[in-house]
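Participant: Below are the structure tokens for one structure; questions will follow.
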Amino acid sequence: MQWLTENLQILFSESYMTEQERIRHLRNELHEHNHRYYVLNAPLLSDQDFDFLMHELQDLEAKHPEMYDANSPTQRVGNDLSQQFVQVAHRYPMLSLSNTYSRGDIQDFYDSVKKGLGGEDFEICCELKYDGLSISLTYEHGELVRAVTRGDGVRGDDVTQNIRTIPTIPLSLPHSLSAEHVEGGYPDVFEIRGEVLMPWDSFRRLNAEREAQGEKLFANPRNAAAGTLKSQSSRVVAERGLDAFLYYLLGDDLPASGHFENLECCKRWGFRMSENMRKCHTIDEVMDYIAYWDTARKDLPVATDGIVLKVNSLRQQSLLGYTAKSPRWAIAYKYKAERVSTVLESVSYQVGRTGAVTPVANMQPVLLAGTIVKRATLNNEDFIKAFDLHLGDTVYVEKGGEIIPKIVGVETSKRAHSAEAVRFITHCPECGTPLVRYADESAYYCPNDAGCPPQIKGRIEHFISRKAMNIMTLGPETVDDYYNRHLISDVSDLYTLTPLVITGGNANRLVSAKKVLSSIEESKNVPFERVVFALGIRFVGETTAKLLARHFKNIDTLMTASLADLMEVEGVGQVIAESVIRYFHDPVNVEILTRLRSYGLKMAVEETSHASLSDVLSGKSIVVSGVFSLHSREEYKAMIESHGGKNATSISGKTSFVLAGENMGPSKLQKAEKLGIKILSEDEFLNMLQ
């Protein structure tokens, strides 16, 4: 109510704002509401009111591209820009911490600190050790300018664009909280470090989606977070629900002389800090903290695997210094994963949507971390061979990330002489087809795409999924029902369904049948890019499908593309290219595509998006090279064609100019300079079009 009253008071003055001023005002306002919602858990706006302001800002920014700001709240959603991460040197090396599983080592650490400080009193700041991916964030004038992973400690990957999608990381800090305006304010330039992680809820949701689509599951939240942050599409990052906790401040003009006190300042500036830090004055307090969180951490919404201890005083940290690999003023205590032993009774095999065959260990039920465990994934044949598994073996089991059971060891001394070694199957357990293993792949696959029941149903489930054809009135159980009743045998059969066929004459099913058919009919409006993804071509994910669709423009060109043609597409290597060719050379797939086309699905990119805009580039041959920040490479190629130009793949004497982003290939750069060909930046190219 207070927010509404205050905004009504300024409504009159806002009516006199220019659109550019309104953009700045909305950005500041939405930054504040994001902070209240994600960090303080104290929102002042309803979701509908927030969305209203966000849509207004999006519309205004679309009208004023000259007002582009990478830190605008509208950038949280990410985009499909394909990235090749640039390596950036750390201003301060990101060293790893010494770690231990022994409380005796913690006592030794405490004693060594006391000795190193000559008996001087000191405080230890105890923090939870979050199980994620280390990140370094740099702010200048209150704006996020760079986010870099740990890498090798000296250099890391610049993942700024992906980090901007994480709602708990502020993109801009209030100007009123700078050191110029308030005591204890943020310095003009500083670095803050922390951990990017995936909360349990996001992790479970992501794995459920991957399981439904027949994709390999992430073993734990840390792997999921690391894989997500390195995604080539920031839109994917935005959708996966990453979070971040920050734990260390660096810079020349820090507000306090203590580590704990600096983090308290960071909290006031708008950063998400852990509420579970504690300053300890004795070794007993440290041990109590470790003991408490051994149990309490299991109730947290994020994964933790230990405790980090840091000398609090920055002066004392400086006195203690560093070894070659880690600081002498900090150590990590890691909790031991709970481990139990049980007996391996048998191994079964599951076939996923893509045909990948996954071995599963069936074990004698055993209590582990509060739940009864009787199954564990064995990953692949290499995993089985590495442990030399035999039926009847006594195996040790842990929960990876404390959620997914995994075999971590074998007690070979208990193995019976007659025990039979586990041999990976040679034929599909569902359809009997001989399995194949592709180059550089650890998994075996059933190649019988069109005749293997789990693959058929899995491909249909993938086809109807939200990111594909979005036929959300259907689900796995319904697909299974339709398949078992012989109503559908492939995705094209969905478009032949009728109310009578679905209901089988049962009037009670008529309402739901009509909803299903309405949703199927609406799917005919899904754009070509998503149709390509929906086909379920092995190794072709959502981003690759978009790149293929935009490059080849229509299904006929894509179907007849050669290996060389396909490998010209950014991000498409030989494995993906060969998979695409295999898919379109399969007569069954060609027949399905023919039927889908006849039912009215979109088989070409909408022409409106490639309509001629001008002839400013008429007669020009242009090479696009490097990594771009404002548009993707495919979008720039579309712009070139829309303005009358021609895209070339290699530099020659006929090249008019090169549109160059960061990390342009050195050979191309050298050739362009040798031939005297002009090199344009993104800004120069966009100005040319304007």
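Here's how to read the names in the structure tokens: chain A, B, ... by the order shown, residue numbers from 1 in each chain, ligand numbers from 1 in the order shown.
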In range 169-259 of chain A, what's strand (DSSP E or B) per DSSP? Answer as a VMD selection string?
Facilitator: chain A and resid 172 178 186 189 to 197 243 to 250 258
Participant: I'd like the neighbourhood of range 368-376 of chain A as a list in words, where a residue qualifies if any of its atoms comes within 9 Å (using only C-alpha atoms), though same-chain residues fewer than 4 positions away should be ignored.
Facilitator: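 Once the nearby chain positions are removed, what remains is Glu338, Arg339, Val340, Thr342, Pro359, Val360, Ala361, Asn362, Met363, Gln364, Val397, Glu398, Lys399, Glu402, Ile403, Ile404, Pro405, Lys406 and Ile407 of chain A.
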Participant: I need the alpha helix (DSSP H) residues of range 109-295 of chain A per DSSP on the backbone, written as number ranges by chain.
Facilitator: A: 109-116, 160-163, 200-212, 221-229, 234-239, 259-269, 283-295
Participant: Given only C-alpha atoms as the basis, pick out the residue of A:Leu535, A:Leu229, A:Ala332, A:Leu547 nearest to Val569 in chain A.
Facilitator: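 Smallest separation from Val569 in chain A among the options: A:Leu547.
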Participant: What is the distance between CA of Arg315 in chain A and CA of Asn262 in chain A, in Å to one decimal?
Facilitator: 13.3 Å
Participant: Name the closest residue to Ser614 in chain A among the candidates A:Ser598, A:Gln87, A:Asn554, A:Gln690; distances are taken between atoms, counting only C-alpha atoms.
Facilitator: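 The shortest atom-to-atom distance to Ser614 in chain A comes from A:Gln690.
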